[in-house]
Every structure is written in C-alpha cells, then in structure tokens.
>>> print(open('target28.csv').read())   # CSV, C-alpha atoms
chain,number,residue,atom,x,y,z
E,9,MET,CA,-34.2,-1.9,-22.4
E,10,THR,CA,-31.8,1.0,-21.6
E,11,LYS,CA,-32.5,3.5,-18.8
E,12,ASP,CA,-31.1,6.9,-18.7
E,13,LEU,CA,-29.7,7.1,-15.1
E,14,GLN,CA,-28.9,10.5,-13.8
E,15,PHE,CA,-26.9,11.2,-10.7
E,16,ASP,CA,-27.4,14.3,-8.7
E,17,PRO,CA,-24.0,16.0,-8.5
E,18,ALA,CA,-25.0,17.8,-5.3
E,19,THR,CA,-25.7,14.5,-3.6
E,20,ILE,CA,-22.4,13.1,-4.7
E,21,ARG,CA,-20.6,16.2,-3.4
E,22,GLU,CA,-22.4,15.8,-0.1
E,23,LEU,CA,-21.4,12.2,0.2
E,24,ALA,CA,-17.8,13.2,-0.6
E,25,GLN,CA,-17.9,15.8,2.2
E,26,ILE,CA,-19.2,13.2,4.6
E,27,LEU,CA,-16.2,11.0,3.7
E,28,ARG,CA,-13.8,13.8,4.3
E,29,GLU,CA,-15.3,14.8,7.6
E,30,SER,CA,-15.7,11.2,9.1
E,31,ASP,CA,-13.6,8.2,9.6
E,32,LEU,CA,-15.4,6.4,6.9
E,33,THR,CA,-13.5,5.1,3.9
E,34,GLU,CA,-16.5,4.3,1.7
E,35,ILE,CA,-20.1,5.2,1.2
E,36,GLU,CA,-22.6,3.4,-1.0
E,37,LEU,CA,-26.0,4.7,-1.9
E,38,VAL,CA,-28.6,2.5,-3.6
E,39,ASP,CA,-31.9,3.7,-4.8
E,40,ASN,CA,-33.9,1.3,-7.0
E,41,ASP,CA,-31.7,0.7,-10.1
E,42,MET,CA,-29.3,3.5,-9.2
E,43,ARG,CA,-26.1,2.9,-7.2
E,44,VAL,CA,-23.4,5.4,-6.2
E,45,LYS,CA,-20.3,4.2,-4.4
E,46,LEU,CA,-17.6,6.6,-3.2
E,47,VAL,CA,-14.3,5.3,-1.8
E,48,ARG,CA,-11.4,7.3,-0.3
E,49,GLN,CA,-7.9,6.0,0.1
E,50,VAL,CA,-6.6,6.5,3.6
E,51,THR,CA,-2.8,6.9,4.2
E,52,VAL,CA,-1.7,5.4,7.5
E,53,ALA,CA,1.5,6.6,9.2
E,54,PRO,CA,3.8,3.7,9.9
E,55,MET,CA,4.4,2.7,13.5
E,56,ALA,CA,7.8,3.0,15.1
E,57,MET,CA,8.0,-0.7,15.8
E,58,PRO,CA,5.0,-2.8,14.8
E,59,VAL,CA,4.0,-5.6,17.2
E,60,ALA,CA,4.2,-8.1,14.4
E,61,ALA,CA,7.8,-7.0,13.6
E,62,ALA,CA,8.7,-7.2,17.3
E,63,ALA,CA,7.4,-10.8,17.4
E,64,HIS,CA,9.8,-11.9,14.7
E,65,ALA,CA,12.9,-10.3,16.4
E,66,ALA,CA,15.3,-12.5,18.1
E,67,PRO,CA,14.4,-12.7,21.9
E,68,SER,CA,18.0,-12.2,23.0
E,69,ALA,CA,18.7,-9.4,20.6
E,70,ALA,CA,20.1,-6.3,22.3
E,71,PRO,CA,18.4,-3.0,21.6
E,72,ALA,CA,20.1,-1.2,18.7
E,73,ALA,CA,19.4,1.6,16.4
E,74,ALA,CA,17.4,0.4,13.4
E,75,ALA,CA,18.9,1.1,10.0
E,76,VAL,CA,17.0,4.0,8.5
E,77,PRO,CA,16.4,3.6,4.7
E,78,ALA,CA,16.0,6.7,2.5
E,79,PRO,CA,12.5,8.3,2.9
E,80,ALA,CA,9.8,6.6,0.9
E,81,ALA,CA,8.3,8.5,-2.0
E,82,PRO,CA,4.5,8.7,-2.1
E,83,ALA,CA,3.1,5.7,-4.0
E,84,ALA,CA,0.5,8.0,-5.6
E,85,GLU,CA,3.2,9.5,-7.7
E,86,VAL,CA,4.0,6.2,-9.3
E,87,ASP,CA,1.7,4.3,-11.6
E,88,ALA,CA,1.4,0.6,-10.9
E,89,ASP,CA,2.0,0.1,-14.7
E,90,HIS,CA,5.4,1.8,-14.5
E,91,PRO,CA,7.8,-0.7,-16.3
E,92,GLY,CA,10.1,-0.9,-13.2
E,93,ALA,CA,7.4,-1.1,-10.6
E,94,VAL,CA,7.4,-4.0,-8.2
E,95,ASN,CA,3.8,-4.3,-7.1
E,96,SER,CA,2.4,-5.9,-4.0
E,97,PRO,CA,1.0,-9.4,-4.7
E,98,MET,CA,-1.2,-9.2,-1.6
E,99,VAL,CA,-2.7,-7.1,1.1
E,100,GLY,CA,-0.6,-6.9,4.2
E,101,VAL,CA,2.1,-5.0,6.1
E,102,ALA,CA,5.4,-4.3,4.4
E,103,TYR,CA,8.8,-4.7,6.2
E,104,LEU,CA,12.0,-3.5,4.6
E,105,SER,CA,14.3,-5.6,6.9
E,106,PRO,CA,14.2,-9.2,8.3
E,107,GLU,CA,14.1,-7.8,11.8
E,108,PRO,CA,13.4,-4.4,13.3
E,109,THR,CA,17.0,-3.8,14.3
E,110,SER,CA,18.7,-5.2,11.2
E,111,ALA,CA,19.7,-3.5,8.0
E,112,PRO,CA,17.1,-3.3,5.2
E,113,PHE,CA,17.2,-5.9,2.4
E,114,VAL,CA,17.8,-3.1,-0.1
E,115,THR,CA,18.2,0.6,-0.2
E,116,ILE,CA,18.0,3.2,-3.0
E,117,GLY,CA,20.9,2.5,-5.3
E,118,SER,CA,21.2,-1.2,-4.5
E,119,LYS,CA,22.0,-3.4,-7.4
E,120,VAL,CA,19.7,-6.5,-7.3
E,121,THR,CA,19.5,-9.8,-9.1
E,122,GLN,CA,16.4,-11.5,-10.3
E,123,GLY,CA,14.9,-13.4,-7.4
E,124,GLN,CA,16.7,-11.4,-4.7
E,125,THR,CA,14.5,-10.6,-1.7
E,126,LEU,CA,13.5,-6.9,-1.7
E,127,MET,CA,11.2,-6.9,1.4
E,128,LEU,CA,8.7,-8.9,3.4
E,129,ILE,CA,4.9,-8.6,3.4
E,130,GLU,CA,3.2,-10.0,6.5
E,131,ALA,CA,-0.3,-11.3,5.7
E,132,MET,CA,-2.2,-13.5,8.1
E,133,LYS,CA,0.8,-13.9,10.4
E,134,THR,CA,2.9,-15.2,7.6
E,135,TYR,CA,6.0,-13.3,6.3
E,136,ASN,CA,6.1,-13.5,2.5
E,137,GLN,CA,9.3,-12.6,0.6
E,138,ILE,CA,8.9,-10.1,-2.2
E,139,LYS,CA,11.5,-10.9,-4.7
E,140,ALA,CA,13.0,-8.8,-7.6
E,141,PRO,CA,11.2,-9.7,-10.8
E,142,ARG,CA,14.3,-8.6,-12.8
E,143,ALA,CA,17.9,-7.6,-12.2
E,144,GLY,CA,18.5,-3.9,-11.9
E,145,THR,CA,19.0,-1.0,-9.6
E,146,VAL,CA,16.5,0.1,-6.9
E,147,THR,CA,15.7,3.7,-7.8
E,148,ARG,CA,12.8,4.3,-5.5
E,149,ILE,CA,11.3,2.7,-2.4
E,150,LEU,CA,7.7,3.7,-2.2
E,151,VAL,CA,6.7,2.2,1.2
E,152,GLU,CA,8.1,2.4,4.7
E,153,SER,CA,8.6,-0.4,7.2
E,154,GLY,CA,5.4,-1.2,9.0
E,155,MET,CA,3.2,0.4,6.4
E,156,PRO,CA,0.0,-1.3,5.3
E,157,VAL,CA,-0.1,-2.1,1.6
E,158,GLU,CA,-2.8,-3.1,-0.8
E,159,PHE,CA,-2.9,-5.7,-3.6
E,160,GLY,CA,-1.3,-4.2,-6.8
E,161,GLU,CA,0.2,-1.2,-4.9
E,162,PRO,CA,3.6,-0.1,-6.2
E,163,LEU,CA,6.2,-1.0,-3.5
E,164,MET,CA,9.5,-0.2,-5.2
E,165,ILE,CA,11.0,0.8,-8.6
E,166,VAL,CA,13.8,-1.5,-10.0
E,167,GLU,CA,15.3,-0.2,-13.3
>>> encode(input="target28.csv", output="structure tokens")
Amino acid sequence: MTKDLQFDPATIRELAQILRESDLTEIELVDNDMRVKLVRQVTVAPMAMPVAAAAHAAPSAAPAAAAVPAPAAPAAEVDADHPGAVNSPMVGVAYLSPEPTSAPFVTIGSKVTQGQTLMLIEAMKTYNQIKAPRAGTVTRILVESGMPVEFGEPLMIVE
C-alpha cells in the first residue's frame, strides 16, 4: 500500500527560517505518517586555548607563542570522498599539536609517511592519534586546533 505523501513547501521554508533565526540545529515535524526533519550545520569558531588542551600541557611549561599553522580551508569545499582526504574516525575536538605551545605535528607541505601522527582528536577525555593512511604531502589542513569535528568530516588532504 503506497501513499502519496505531499510536503507543503511553505511549511518547510518556515521551518528553515526558524532554524536560521534561532539557536536550534534541527527541527523535526511529525504528523501521522508524514515526517519532515531539517538540520543545519553550525560552524563553531575555535577557542584560543581550549581547557582540554591546557590540561594536557606540561605544568612547568613556560608561556610561549604557539606555532601558528597555515589557515585552515573550509571543510565544506572538500568532499569526504576526495582520494587524499583524511576523514575523522570520531566526533571530538581536533588538536594540531601535542601541546598548545608546541609545534604542530604537520603543516601544509609536510612530507608524511604512512602511520605518522597528523593530529589528535580528543573524545571523552581521551586523546586519539590520527595517523596518515598513506605516504604523501599534506596539501590542505581543513580544521583548526580546538575545532569540534564530526565523524567522517574531512580533516586534511594528503596527496
């Protein structure tokens, strides 16, 4: 038994407007057998020094200028299926260096070997190494240190 479900475009536009005007990231409307779900992706600006990153810094470390990697390119420009994409295996917070004041693991132009650590992702207070799936050159870094990342999100391009 197939039902012809029809969605009112005006209602969908109104829901989308509510998403844009509010702090909501998703809205779901259910009416009998009909279901409409709208989700918007929110980009969060990275913090200067995340609390979690400060926690893993050496307590006796003297304040120093943090190494500044090249600006990250928006991940929206890169498809997760790009042949050189290194995608996030989990939801968490990305860190490009082992400590806030130390040099990043890699920068744009770095030659990497398979298995080399590219960055860390903190998930549930555990720092997980993200390793290069292949040897190559880092051509793009798509996240910034302290930036939240989603499962499957492109983090870096290694070609």
>>> closest_residue(input="target28.csv", among="E:Val47, E:Met98, E:Ile165, E:Leu37", to="Ser118 in chain E", atoms="only C-alpha atoms")
E:Ile165
>>> closest_residue(input="target28.csv", among="E:Gln122, E:Asn40, E:Thr115, E:Ser105", to="Tyr135 in chain E", atoms="all atoms listed in the file")
E:Ser105
>>> residues_around(input="target28.csv", residues="Leu163 in chain E", least_positions_apart="5", cutoff="6 Å", atoms="all atoms listed in the file", output="list in words")
Val94, Asn95, Leu150 and Val151 of chain E
>>> residues_around(input="target28.csv", residues="Gln137 in chain E", least_positions_apart="5", cutoff="8 Å", atoms="only C-alpha atoms", output="ChimeraX atom specification")
/E:125-129
>>> atom_distance(input="target28.csv", atom1="CA of Ala88 in chain E", atom2="CA of Gly144 in chain E")
17.7 Å
>>> atom_distance(input="target28.csv", atom1="CA of Lys119 in chain E", atom2="CA of Arg148 in chain E")
12.1 Å
>>> residues_around(input="target28.csv", residues="Arg142 in chain E", least_positions_apart="3", cutoff="9 Å", atoms="all atoms listed in the file", output="list in words")
Gly92, Val120, Thr121, Gln122, Gly123, Gln124, Lys139, Val166 and Glu167 of chain E
>>> write_last_selection(input="target28.csv", atoms="C-alpha atoms", output="mmCIF file, in the frame of the given file")
data_model
loop_
_atom_site.group_PDB
_atom_site.id
_atom_site.type_symbol
_atom_site.label_atom_id
_atom_site.label_comp_id
_atom_site.auth_asym_id
_atom_site.auth_seq_id
_atom_site.Cartn_x
_atom_site.Cartn_y
_atom_site.Cartn_z
ATOM 1 C CA GLY E 92 10.100 -0.900 -13.200
ATOM 2 C CA VAL E 120 19.700 -6.500 -7.300
ATOM 3 C CA THR E 121 19.500 -9.800 -9.100
ATOM 4 C CA GLN E 122 16.400 -11.500 -10.300
ATOM 5 C CA GLY E 123 14.900 -13.400 -7.400
ATOM 6 C CA GLN E 124 16.700 -11.400 -4.700
ATOM 7 C CA LYS E 139 11.500 -10.900 -4.700
ATOM 8 C CA VAL E 166 13.800 -1.500 -10.000
ATOM 9 C CA GLU E 167 15.300 -0.200 -13.300
#
>>> axis_aligned_box(input="target28.csv", around="range 88-105 of chain E", padding_each_side="8 Å", output="JSON")
{"center_x": 5.8, "center_y": -3.8, "center_z": -4.7, "size_x": 33.0, "size_y": 27.2, "size_z": 39.2}
>>> atom_distance(input="target28.csv", atom1="CA of Pro112 in chain E", atom2="CA of Glu130 in chain E")
15.5 Å
>>> build_atoms(input="target28.csv", residues="range 83-107 of chain E", atoms="N, CA and C atoms", output="mmCIF file, keeping the file's coordinate frame")
data_model
loop_
_atom_site.group_PDB
_atom_site.id
_atom_site.type_symbol
_atom_site.label_atom_id
_atom_site.label_comp_id
_atom_site.auth_asym_id
_atom_site.auth_seq_id
_atom_site.Cartn_x
_atom_site.Cartn_y
_atom_site.Cartn_z
ATOM 1 N N ALA E 83 3.493 6.701 -2.987
ATOM 2 C CA ALA E 83 3.100 5.700 -4.000
ATOM 3 C C ALA E 83 2.200 6.351 -5.054
ATOM 4 N N ALA E 84 1.449 7.375 -4.653
ATOM 5 C CA ALA E 84 0.500 8.000 -5.600
ATOM 6 C C ALA E 84 1.202 8.595 -6.791
ATOM 7 N N GLU E 85 2.489 8.926 -6.635
ATOM 8 C CA GLU E 85 3.200 9.500 -7.700
ATOM 9 C C GLU E 85 3.656 8.475 -8.766
ATOM 10 N N VAL E 86 3.582 7.205 -8.443
ATOM 11 C CA VAL E 86 4.000 6.200 -9.300
ATOM 12 C C VAL E 86 2.866 5.301 -9.774
ATOM 13 N N ASP E 87 2.752 5.129 -11.055
ATOM 14 C CA ASP E 87 1.700 4.300 -11.600
ATOM 15 C C ASP E 87 2.103 2.827 -11.456
ATOM 16 N N ALA E 88 1.151 1.988 -11.082
ATOM 17 C CA ALA E 88 1.400 0.600 -10.900
ATOM 18 C C ALA E 88 1.866 -0.067 -12.236
ATOM 19 N N ASP E 89 1.606 0.594 -13.360
ATOM 20 C CA ASP E 89 2.000 0.100 -14.700
ATOM 21 C C ASP E 89 3.392 0.550 -15.081
ATOM 22 N N HIS E 90 4.088 1.309 -14.220
ATOM 23 C CA HIS E 90 5.400 1.800 -14.500
ATOM 24 C C HIS E 90 6.283 0.516 -14.844
ATOM 25 N N PRO E 91 7.108 0.551 -15.877
ATOM 26 C CA PRO E 91 7.800 -0.700 -16.300
ATOM 27 C C PRO E 91 8.773 -1.212 -15.214
ATOM 28 N N GLY E 92 9.220 -0.393 -14.277
ATOM 29 C CA GLY E 92 10.100 -0.900 -13.200
ATOM 30 C C GLY E 92 9.416 -1.133 -11.909
ATOM 31 N N ALA E 93 8.096 -0.938 -11.858
ATOM 32 C CA ALA E 93 7.400 -1.100 -10.600
ATOM 33 C C ALA E 93 7.346 -2.534 -10.123
ATOM 34 N N VAL E 94 7.601 -2.710 -8.844
ATOM 35 C CA VAL E 94 7.400 -4.000 -8.200
ATOM 36 C C VAL E 94 6.150 -3.803 -7.358
ATOM 37 N N ASN E 95 5.076 -4.458 -7.763
ATOM 38 C CA ASN E 95 3.800 -4.300 -7.100
ATOM 39 C C ASN E 95 3.498 -5.340 -6.089
ATOM 40 N N SER E 96 2.720 -4.972 -5.100
ATOM 41 C CA SER E 96 2.400 -5.900 -4.000
ATOM 42 C C SER E 96 1.486 -7.024 -4.557
ATOM 43 N N PRO E 97 1.842 -8.268 -4.304
ATOM 44 C CA PRO E 97 1.000 -9.400 -4.700
ATOM 45 C C PRO E 97 -0.129 -9.689 -3.754
ATOM 46 N N MET E 98 -0.202 -8.908 -2.655
ATOM 47 C CA MET E 98 -1.200 -9.200 -1.600
ATOM 48 C C MET E 98 -1.427 -7.986 -0.740
ATOM 49 N N VAL E 99 -2.451 -8.072 0.080
ATOM 50 C CA VAL E 99 -2.700 -7.100 1.100
ATOM 51 C C VAL E 99 -1.959 -7.507 2.354
ATOM 52 N N GLY E 100 -1.314 -6.578 3.011
ATOM 53 C CA GLY E 100 -0.600 -6.900 4.200
ATOM 54 C C GLY E 100 0.190 -5.735 4.751
ATOM 55 N N VAL E 101 1.234 -6.025 5.525
ATOM 56 C CA VAL E 101 2.100 -5.000 6.100
ATOM 57 C C VAL E 101 3.497 -5.217 5.568
ATOM 58 N N ALA E 102 4.093 -4.163 5.009
ATOM 59 C CA ALA E 102 5.400 -4.300 4.400
ATOM 60 C C ALA E 102 6.508 -4.068 5.468
ATOM 61 N N TYR E 103 7.575 -4.855 5.346
ATOM 62 C CA TYR E 103 8.800 -4.700 6.200
ATOM 63 C C TYR E 103 9.970 -4.694 5.283
ATOM 64 N N LEU E 104 10.828 -3.705 5.476
ATOM 65 C CA LEU E 104 12.000 -3.500 4.600
ATOM 66 C C LEU E 104 13.209 -4.310 5.100
ATOM 67 N N SER E 105 13.140 -4.871 6.311
ATOM 68 C CA SER E 105 14.300 -5.600 6.900
ATOM 69 C C SER E 105 13.725 -6.916 7.499
ATOM 70 N N PRO E 106 14.610 -7.916 7.677
ATOM 71 C CA PRO E 106 14.200 -9.200 8.300
ATOM 72 C C PRO E 106 13.797 -9.057 9.742
ATOM 73 N N GLU E 107 14.402 -8.100 10.447
ATOM 74 C CA GLU E 107 14.100 -7.800 11.800
ATOM 75 C C GLU E 107 14.151 -6.333 12.061
#
